[in-house]
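Pasting final21.tsv here (TSV, C-alpha atoms):
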chain	number	residue	atom	x	y	z
A	1	MET	CA	-32.89	-19.34	5.87
A	2	VAL	CA	-31.81	-21.74	3.11
A	3	GLU	CA	-34.49	-22.86	0.69
A	4	THR	CA	-34.11	-26.43	-0.57
A	5	ASP	CA	-37.47	-27.04	-2.34
A	6	CYS	CA	-36.39	-26.65	-5.96
A	7	GLY	CA	-35.63	-29.26	-8.53
A	8	LEU	CA	-35.76	-30.42	-12.13
A	9	GLY	CA	-37.87	-32.93	-14.01
A	10	PHE	CA	-37.11	-34.41	-17.43
A	11	SER	CA	-39.35	-36.05	-20.01
A	12	ARG	CA	-39.23	-36.81	-23.75
A	13	PRO	CA	-42.48	-35.89	-25.55
A	14	ALA	CA	-40.77	-36.90	-28.82
A	15	GLU	CA	-37.67	-38.96	-29.60
A	16	ASP	CA	-35.50	-35.94	-30.43
A	17	THR	CA	-37.11	-33.51	-27.94
A	18	MET	CA	-36.49	-33.08	-24.21
A	19	MET	CA	-38.80	-31.17	-21.88
A	20	ILE	CA	-37.28	-29.69	-18.70
A	21	ARG	CA	-39.69	-29.03	-15.82
A	22	PHE	CA	-38.82	-26.53	-13.09
A	23	LEU	CA	-40.18	-27.44	-9.68
A	24	GLY	CA	-40.53	-25.39	-6.50
A	25	THR	CA	-38.75	-22.16	-5.56
A	26	TRP	CA	-35.73	-21.07	-7.62
A	27	LYS	CA	-34.36	-18.18	-5.57
A	28	LEU	CA	-31.02	-17.12	-4.16
A	29	GLY	CA	-30.47	-19.22	-1.04
A	30	SER	CA	-32.10	-22.30	-2.55
A	31	THR	CA	-30.00	-25.36	-3.31
A	32	ILE	CA	-29.88	-24.98	-7.08
A	33	PRO	CA	-29.19	-28.19	-9.09
A	34	ALA	CA	-25.95	-28.33	-11.04
A	35	ALA	CA	-26.06	-27.48	-14.74
A	36	SER	CA	-24.15	-30.68	-15.39
A	37	GLU	CA	-27.31	-32.60	-14.42
A	38	VAL	CA	-29.05	-31.22	-17.51
A	39	GLU	CA	-26.04	-32.05	-19.68
A	40	LYS	CA	-26.08	-35.60	-18.36
A	41	GLN	CA	-29.76	-36.01	-19.30
A	42	VAL	CA	-29.21	-34.56	-22.77
A	43	SER	CA	-26.24	-36.86	-23.38
A	44	SER	CA	-28.10	-40.01	-22.37
A	45	GLY	CA	-30.52	-41.73	-24.70
A	46	PRO	CA	-31.37	-40.71	-28.29
A	47	LEU	CA	-29.85	-37.56	-29.77
A	48	VAL	CA	-31.65	-34.43	-28.52
A	49	LYS	CA	-32.26	-31.75	-31.15
A	50	LYS	CA	-34.79	-29.55	-29.34
A	51	VAL	CA	-35.38	-28.52	-25.70
A	52	THR	CA	-38.63	-27.11	-24.31
A	53	PHE	CA	-39.60	-25.97	-20.81
A	54	GLU	CA	-42.53	-26.43	-18.48
A	55	THR	CA	-42.99	-24.21	-15.38
A	56	GLU	CA	-46.46	-25.01	-14.02
A	57	GLU	CA	-44.92	-26.29	-10.78
A	58	LEU	CA	-42.50	-23.34	-10.48
A	59	THR	CA	-43.70	-21.41	-7.40
A	60	ALA	CA	-41.16	-18.51	-7.23
A	61	TRP	CA	-37.98	-17.42	-8.95
A	62	ASP	CA	-35.35	-14.70	-9.09
A	63	SER	CA	-31.90	-14.19	-10.65
A	64	ALA	CA	-30.88	-17.70	-9.54
A	65	LEU	CA	-33.14	-19.15	-12.26
A	66	ILE	CA	-31.82	-16.69	-14.87
A	67	THR	CA	-28.22	-17.64	-14.06
A	68	PHE	CA	-29.04	-21.36	-14.32
A	69	LEU	CA	-30.79	-20.91	-17.66
A	70	LEU	CA	-27.85	-18.96	-19.11
A	71	LYS	CA	-25.53	-21.80	-18.13
A	72	ILE	CA	-27.61	-24.53	-19.78
A	73	PHE	CA	-28.25	-22.34	-22.86
A	74	SER	CA	-24.47	-22.16	-23.30
A	75	GLN	CA	-24.35	-25.99	-23.21
A	76	PHE	CA	-27.15	-26.25	-25.76
A	77	SER	CA	-25.43	-23.75	-28.04
A	78	ASP	CA	-22.27	-25.86	-28.02
A	79	ARG	CA	-24.32	-28.96	-28.94
A	80	LYS	CA	-26.34	-27.17	-31.66
A	81	VAL	CA	-29.57	-27.94	-29.77
A	82	GLU	CA	-32.61	-25.77	-30.54
A	83	VAL	CA	-34.06	-24.02	-27.46
A	84	VAL	CA	-37.79	-23.21	-27.37
A	85	ARG	CA	-38.47	-20.72	-24.55
A	86	ASP	CA	-42.28	-20.56	-24.92
A	87	GLY	CA	-42.81	-22.50	-21.71
A	88	LEU	CA	-40.88	-20.03	-19.57
A	89	PRO	CA	-42.64	-17.13	-17.73
A	90	ASP	CA	-42.77	-13.83	-19.63
A	91	GLY	CA	-40.62	-12.12	-16.97
A	92	VAL	CA	-37.93	-14.75	-17.33
A	93	ASN	CA	-37.92	-14.35	-21.12
A	94	ARG	CA	-37.61	-10.56	-20.85
A	95	LEU	CA	-34.67	-10.83	-18.46
A	96	LEU	CA	-32.99	-13.42	-20.69
A	97	ASP	CA	-33.39	-11.08	-23.69
A	98	LEU	CA	-31.89	-8.25	-21.64
A	99	ALA	CA	-28.98	-10.39	-20.41
A	100	THR	CA	-28.10	-11.58	-23.91
A	101	ALA	CA	-28.79	-8.30	-25.76
A	102	VAL	CA	-25.13	-7.25	-25.73
A	103	PRO	CA	-22.53	-9.94	-26.47
A	104	GLU	CA	-19.72	-10.39	-23.99
A	105	ARG	CA	-16.69	-8.29	-24.87
A	106	ALA	CA	-13.72	-10.36	-25.88
A	107	GLY	CA	-11.12	-10.49	-23.12
A	108	ALA	CA	-13.47	-9.10	-20.47
A	109	ARG	CA	-13.70	-12.39	-18.60
A	110	LYS	CA	-10.99	-12.84	-15.96
A	111	GLU	CA	-8.96	-15.94	-16.54
A	112	ALA	CA	-6.15	-17.39	-14.51
A	113	VAL	CA	-2.99	-17.19	-16.58
A	114	LYS	CA	0.02	-19.24	-15.59
A	115	VAL	CA	3.27	-17.40	-16.15
A	116	HIS	CA	6.48	-19.34	-16.39
A	117	VAL	CA	8.96	-18.71	-13.60
A	118	LEU	CA	11.59	-17.48	-16.09
A	119	ALA	CA	9.09	-15.00	-17.49
A	120	ARG	CA	8.37	-13.71	-13.98
A	121	ILE	CA	12.09	-13.34	-13.26
A	122	GLY	CA	12.58	-11.52	-16.55
A	123	GLY	CA	9.63	-9.24	-15.86
A	124	SER	CA	10.97	-8.43	-12.40
A	125	ALA	CA	14.41	-7.64	-13.86
A	126	VAL	CA	12.89	-5.33	-16.47
A	127	GLU	CA	10.77	-3.61	-13.82
A	128	PHE	CA	13.81	-3.19	-11.55
A	129	TRP	CA	15.81	-1.66	-14.40
A	130	ARG	CA	12.95	0.69	-15.30
A	131	SER	CA	12.58	1.75	-11.64
A	132	THR	CA	16.32	2.35	-11.39
A	133	ILE	CA	16.27	4.61	-14.45
A	134	GLU	CA	13.28	6.55	-13.11
A	135	PHE	CA	14.89	6.90	-9.68
A	136	THR	CA	18.16	8.12	-11.20
A	137	ALA	CA	16.33	10.61	-13.41
A	138	PHE	CA	14.37	11.90	-10.41
A	139	ILE	CA	17.54	12.32	-8.34
A	140	GLY	CA	19.13	14.21	-11.23
A	141	SER	CA	16.12	16.51	-11.61
A	142	ALA	CA	16.00	17.14	-7.84
A	143	SER	CA	19.73	17.95	-7.83
A	144	LEU	CA	19.32	20.43	-10.69
A	145	ALA	CA	16.39	22.06	-8.87
A	146	PHE	CA	18.55	22.37	-5.73
A	147	MET	CA	21.38	23.91	-7.75
A	148	ARG	CA	18.96	26.47	-9.17
A	149	PHE	CA	17.85	27.20	-5.60
A	150	LEU	CA	21.46	27.83	-4.53
A	151	THR	CA	21.88	30.26	-7.42
A	152	GLY	CA	18.58	32.00	-6.63
A	153	ARG	CA	16.85	30.90	-9.85
A	154	ALA	CA	14.41	28.35	-8.42
A	155	ARG	CA	10.74	29.28	-8.61
A	156	PHE	CA	8.52	28.20	-5.70
A	157	ARG	CA	6.27	29.86	-3.17
A	158	ARG	CA	7.97	30.71	0.12
A	159	SER	CA	4.66	30.15	1.88
A	160	ASP	CA	4.79	26.49	0.77
A	161	LEU	CA	8.23	26.13	2.34
A	162	ALA	CA	7.00	27.72	5.58
A	163	LEU	CA	4.02	25.37	5.65
A	164	VAL	CA	6.25	22.32	5.14
A	165	ILE	CA	8.57	23.51	7.93
A	166	LEU	CA	5.58	23.89	10.24
A	167	GLU	CA	4.15	20.46	9.38
A	168	THR	CA	7.48	18.64	9.57
A	169	GLY	CA	8.74	20.54	12.62
A	170	ALA	CA	6.49	21.83	15.35
A	171	LEU	CA	3.54	19.60	14.48
A	172	ALA	CA	5.76	16.51	14.69
A	173	PHE	CA	6.91	17.22	18.25
A	174	PRO	CA	4.19	15.19	20.04
A	175	ILE	CA	4.85	11.89	18.22
A	176	VAL	CA	8.64	12.39	18.31
A	177	SER	CA	8.46	13.10	22.06
A	178	LEU	CA	6.41	9.99	22.79
A	179	ILE	CA	8.51	7.59	20.70
A	180	SER	CA	11.86	9.00	21.88
A	181	ILE	CA	10.98	8.85	25.58
A	182	LEU	CA	9.73	5.28	25.18
A	183	VAL	CA	12.90	4.25	23.32
A	184	GLY	CA	14.99	5.79	26.12
A	185	LEU	CA	12.94	3.92	28.71
A	186	ILE	CA	13.30	0.63	26.84
A	187	LEU	CA	17.07	1.04	26.40
A	188	ALA	CA	17.42	1.81	30.11
A	189	PHE	CA	15.33	-1.16	31.17
A	190	VAL	CA	17.21	-3.57	28.90
A	191	GLY	CA	20.60	-2.23	30.02
A	192	ALA	CA	19.64	-2.19	33.70
A	193	ILE	CA	18.81	-5.89	33.71
A	194	GLN	CA	22.36	-6.81	32.68
A	195	LEU	CA	24.36	-4.01	34.34
A	196	LYS	CA	22.64	-4.42	37.70
A	197	MET	CA	24.05	-7.96	37.94
A	198	PHE	CA	27.54	-6.44	38.12
A	199	GLY	CA	26.62	-3.42	40.24
A	200	ALA	CA	27.27	-1.19	37.23
A	201	GLN	CA	23.81	0.31	36.87
A	202	LEU	CA	25.36	3.78	36.68
A	203	TYR	CA	26.49	2.92	33.15
A	204	VAL	CA	22.87	2.88	32.05
A	205	ALA	CA	23.47	6.60	31.48
A	206	ASN	CA	26.30	5.76	29.08
A	207	LEU	CA	24.22	3.18	27.23
A	208	VAL	CA	21.19	5.41	26.77
A	209	GLY	CA	23.18	8.55	26.03
A	210	ILE	CA	25.48	7.09	23.37
A	211	ALA	CA	22.76	4.98	21.73
A	212	MET	CA	20.31	7.85	21.48
A	213	VAL	CA	22.73	10.58	20.42
A	214	ARG	CA	24.71	8.51	17.94
A	215	GLU	CA	22.02	6.48	16.16
A	216	MET	CA	18.70	5.68	17.79
A	217	ALA	CA	17.31	9.23	17.86
A	218	ALA	CA	18.07	9.72	14.16
A	219	ILE	CA	16.75	6.30	13.16
A	220	MET	CA	13.51	6.54	15.14
A	221	THR	CA	12.89	10.10	13.98
A	222	GLY	CA	13.56	9.07	10.39
A	223	ILE	CA	11.11	6.17	10.63
A	224	ILE	CA	8.49	8.43	12.21
A	225	MET	CA	8.91	11.01	9.46
A	226	ALA	CA	8.81	8.30	6.76
A	227	GLY	CA	5.45	7.11	8.05
A	228	ARG	CA	4.09	10.56	8.75
A	229	THR	CA	5.60	13.09	6.38
A	230	GLY	CA	6.87	10.87	3.55
A	231	ALA	CA	3.43	9.29	3.22
A	232	ALA	CA	1.83	12.75	3.30
A	233	PHE	CA	4.12	13.98	0.51
A	234	ALA	CA	3.22	10.96	-1.65
A	235	ALA	CA	-0.50	11.40	-0.99
A	236	GLN	CA	-0.41	15.14	-1.77
A	237	LEU	CA	1.51	14.77	-5.03
A	238	GLY	CA	-0.39	11.61	-5.97
A	239	THR	CA	-3.71	13.41	-5.56
A	240	MET	CA	-2.40	16.26	-7.71
A	241	GLN	CA	-1.37	13.70	-10.32
A	242	VAL	CA	-4.87	12.19	-10.29
A	243	ASN	CA	-6.46	15.63	-10.64
A	244	GLU	CA	-4.03	16.46	-13.47
A	245	GLU	CA	-2.76	19.50	-11.55
A	246	ILE	CA	0.86	18.53	-12.24
A	247	ASP	CA	0.08	18.35	-15.97
A	248	ALA	CA	-1.43	21.81	-15.69
A	249	LEU	CA	1.75	23.17	-14.07
A	250	GLU	CA	3.89	21.72	-16.85
A	251	THR	CA	1.52	23.20	-19.45
A	252	MET	CA	2.00	26.63	-17.87
A	253	GLY	CA	5.78	26.19	-18.02
A	254	ILE	CA	6.23	25.67	-14.27
A	255	ASP	CA	8.68	22.94	-13.30
A	256	PRO	CA	7.01	20.57	-10.74
A	257	MET	CA	10.46	19.73	-9.35
A	258	GLU	CA	10.97	23.34	-8.30
A	259	PHE	CA	7.40	24.22	-7.43
A	260	LEU	CA	6.36	21.02	-5.59
A	261	VAL	CA	9.39	18.85	-4.74
A	262	LEU	CA	11.96	21.49	-3.76
A	263	PRO	CA	10.00	23.10	-0.87
A	264	ARG	CA	9.21	19.68	0.59
A	265	MET	CA	12.81	18.51	0.28
A	266	LEU	CA	14.20	21.72	1.81
A	267	GLY	CA	11.66	21.81	4.63
A	268	LEU	CA	12.16	18.24	5.81
A	269	THR	CA	15.95	18.35	5.35
A	270	LEU	CA	16.17	21.50	7.47
A	271	MET	CA	13.94	20.18	10.23
A	272	MET	CA	15.30	16.64	10.56
A	273	PRO	CA	18.54	17.60	12.41
A	274	LEU	CA	16.51	19.75	14.79
A	275	LEU	CA	14.07	16.93	15.38
A	276	CYS	CA	16.99	14.57	16.04
A	277	LEU	CA	18.39	17.03	18.57
A	278	TYR	CA	15.00	17.17	20.28
A	279	ALA	CA	14.72	13.35	20.16
A	280	ASN	CA	18.15	13.11	21.85
A	281	LEU	CA	16.87	15.13	24.79
A	282	MET	CA	13.63	13.13	25.03
A	283	GLY	CA	15.46	9.79	24.86
A	284	ILE	CA	17.94	10.81	27.55
A	285	LEU	CA	15.00	12.00	29.64
A	286	GLY	CA	13.43	8.55	29.30
A	287	GLY	CA	16.66	6.89	30.48
A	288	LEU	CA	16.93	9.39	33.34
A	289	ILE	CA	13.42	8.50	34.53
A	290	VAL	CA	14.41	4.84	34.82
A	291	GLY	CA	17.86	5.57	36.27
A	292	VAL	CA	16.67	8.00	38.94
A	293	GLY	CA	13.28	6.41	39.60
A	294	MET	CA	14.21	2.71	39.67
A	295	LEU	CA	18.00	2.35	39.93
A	296	ASP	CA	18.53	4.89	42.74
A	297	ILE	CA	20.99	6.96	40.70
A	298	GLY	CA	21.15	10.61	41.69
A	299	LEU	CA	19.90	13.20	39.24
A	300	LEU	CA	23.18	15.13	39.14
A	301	GLN	CA	25.15	11.87	39.01
A	302	TYR	CA	23.14	10.65	36.01
A	303	TYR	CA	23.61	14.00	34.26
A	304	ASN	CA	27.38	14.03	34.81
A	305	GLN	CA	27.73	10.42	33.66
A	306	THR	CA	25.77	11.16	30.48
A	307	ARG	CA	27.84	14.29	29.80
A	308	LEU	CA	31.10	12.34	30.19
A	309	ALA	CA	29.89	9.47	28.00
A	310	ILE	CA	28.78	11.48	24.99
A	311	SER	CA	31.48	12.86	22.72
A	312	MET	CA	31.15	15.52	20.04
A	313	ASN	CA	31.75	12.84	17.41
A	314	ASP	CA	28.62	10.99	18.59
A	315	PHE	CA	26.70	14.24	18.50
A	316	TRP	CA	27.75	15.23	14.97
A	317	ILE	CA	27.27	11.70	13.60
A	318	GLY	CA	23.69	11.70	14.89
A	319	LEU	CA	22.93	15.08	13.35
A	320	PHE	CA	24.52	14.04	10.05
A	321	MET	CA	22.34	10.93	9.99
A	322	GLY	CA	19.31	13.10	10.58
A	323	LEU	CA	20.26	15.33	7.66
A	324	VAL	CA	20.73	12.34	5.34
A	325	PHE	CA	17.46	10.75	6.46
A	326	GLY	CA	15.63	14.01	5.79
A	327	VAL	CA	16.86	14.01	2.20
A	328	LEU	CA	16.01	10.33	1.71
A	329	VAL	CA	12.52	10.48	3.20
A	330	SER	CA	11.54	13.61	1.28
A	331	LEU	CA	12.87	12.18	-2.00
A	332	ALA	CA	11.09	8.86	-1.43
A	333	GLY	CA	7.76	10.57	-0.71
A	334	CYS	CA	7.99	12.98	-3.64
A	335	LEU	CA	9.23	10.28	-6.04
A	336	ARG	CA	6.31	7.95	-5.30
A	337	GLY	CA	3.87	10.85	-5.51
A	338	ILE	CA	5.17	11.95	-8.91
A	339	GLN	CA	5.10	8.32	-10.14
A	340	CYS	CA	1.49	7.88	-8.97
A	341	GLY	CA	-1.06	6.68	-11.52
A	342	ARG	CA	-4.37	8.29	-12.40
A	343	SER	CA	-6.77	6.51	-10.03
A	344	ALA	CA	-7.63	6.81	-6.35
A	345	SER	CA	-6.25	3.34	-5.64
A	346	ASP	CA	-2.91	4.41	-7.12
A	347	VAL	CA	-2.67	7.12	-4.45
A	348	GLY	CA	-2.93	4.46	-1.75
A	349	ARG	CA	-0.26	2.35	-3.43
A	350	ALA	CA	2.01	5.40	-3.81
A	351	THR	CA	1.62	6.21	-0.10
A	352	THR	CA	2.48	2.68	0.96
A	353	SER	CA	5.42	2.54	-1.43
A	354	ALA	CA	6.74	5.87	-0.09
A	355	VAL	CA	6.78	4.56	3.48
A	356	VAL	CA	8.49	1.31	2.49
A	357	THR	CA	11.05	3.09	0.31
A	358	GLY	CA	11.78	5.64	3.04
A	359	ILE	CA	12.31	3.06	5.79
A	360	VAL	CA	14.46	0.80	3.59
A	361	SER	CA	16.55	3.81	2.56
A	362	ILE	CA	17.04	4.76	6.22
A	363	ILE	CA	18.23	1.29	7.18
A	364	VAL	CA	20.62	1.04	4.22
A	365	ALA	CA	22.01	4.53	4.88
A	366	THR	CA	22.49	3.70	8.57
A	367	ALA	CA	24.51	0.61	7.69
A	368	ILE	CA	26.67	2.54	5.22
A	369	ILE	CA	27.33	5.42	7.62
A	370	THR	CA	28.12	3.03	10.49
A	371	VAL	CA	30.64	1.13	8.38
A	372	ILE	CA	32.28	4.35	7.18
A	373	CYS	CA	32.53	5.67	10.74
A	374	ASP	CA	34.09	2.39	11.85
A	375	VAL	CA	36.60	2.47	8.98
A	376	ILE	CA	37.73	6.04	9.71
A	377	GLY	CA	37.72	5.38	13.46
A	378	ILE	CA	35.11	7.77	14.81
Give the structure from this file in structure tokens form.
Amino acid sequence: MVETDCGLGFSRPAEDTMMIRFLGTWKLGSTIPAASEVEKQVSSGPLVKKVTFETEELTAWDSALITFLLKIFSQFSDRKVEVVRDGLPDGVNRLLDLATAVPERAGARKEAVKVHVLARIGGSAVEFWRSTIEFTAFIGSASLAFMRFLTGRARFRRSDLALVILETGALAFPIVSLISILVGLILAFVGAIQLKMFGAQLYVANLVGIAMVREMAAIMTGIIMAGRTGAAFAAQLGTMQVNEEIDALETMGIDPMEFLVLPRMLGLTLMMPLLCLYANLMGILGGLIVGVGMLDIGLLQYYNQTRLAISMNDFWIGLFMGLVFGVLVSLAGCLRGIQCGRSASDVGRATTSAVVTGIVSIIVATAIITVICDVIGI
């Protein structure tokens, strides 16, 4: 319920003195008068050198009154007006003393700062250059760690690699199965609408088979792993950064790139081609459900048509994409985790950034691989 029964009264007991009377209930929810009303009264008439207060008609108050008094005290301070607080309740005076006991720290107040557009562009350019250097350095460190792994000199726990393989492999099957079957169903439905007009619904098997094996299975699996595993990598490493565990590893002479990044990169890179292979089967199964169930195509006929449509080039291109996406997603997740700040909110930002970086990398890599395949004719 909104209280409206509060107000102000003004009088001048002397020529240079103004008395402010508080009337009614001054509580949160009441319609508090504007502080500018007091300033207007002080500015009108003879010069005011002293302000006093009268609260006999004040029935109730809370922090709303304290906030109002602090505002008008600031006005009086600017005008060099003496404030006599004897007429205020003792509780109000104690709270005012408490509120003004410690002066406001310089720079603590948030102020809107307008930044010139050229300054924003320059800042963005500097940030982009800094990010590029950090990304290049991370790629270099990850490559050196992988080279040490190939020569048997990398130090990491094999149990960590096994855990990553489990989390990025078998535990990802349910979501990969669901998404891949649905993508196969959607491709079949979209293709059937057009092909049925020409009595060529049998070629739905070609459409689904080539699309899934060559690109869609790898892309959808990569996006799933970017949202699921890449985000998990960033959250794990970001939390370790917040808890200063990564600093502790470096202090003990253990390279975080070998101990933390390498198992994650190896695990996801190994499992991505296998997940793509599994997604191929699930996507083709989705197309088969539509073809056999709704287009009256025989099961063996659909199988033979799919087998004739898919070439080994399509198969190997899809697996290669999966391998590349595994590297990109794992690097994006680990990079954002290592770059994470020291607060809990930074972990959330690192997770979001890992997903965005992973998906953008997948799309860019898909475009590059597709163009290269077109140029070399496969």
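If you look at CA of Met147 in chain A and CA of Val324 in chain A, they are 17.5 Å away from each other.
Here CA of Ile20 in chain A stands at a distance of 8.5 Å from CA of Val38 in chain A.
For the pair CA of Gly287 in chain A and CA of Ser311 in chain A, the interatomic distance is 17.8 Å.
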Give me, as a list in words, all polymer residues having an atom no more than 12 Å from Ala170 in chain A, counting all atoms listed in the file and skipping those fewer than 6 positions away in the same chain.
Ala162, Leu163, Val164, Val176, Ser177, Gly267, Leu268, Met271, Met272, Leu274, Leu275 and Tyr278 of chain A
Within 8 Å of range 201-203 of chain A, counting all atoms listed in the file, which residues qualify if same-chain residues fewer than 5 places away don't, as a PyMOL selection string?
chain A and resi 191-192+195-196+291+295+297+302+305
Would you pick out the contacts of Val290 in chain A at 8 Å or less, using only C-alpha atoms, so that residues sharing its chain but fewer than 3 positions from it are not included, and give the list as a count of residues only?
8
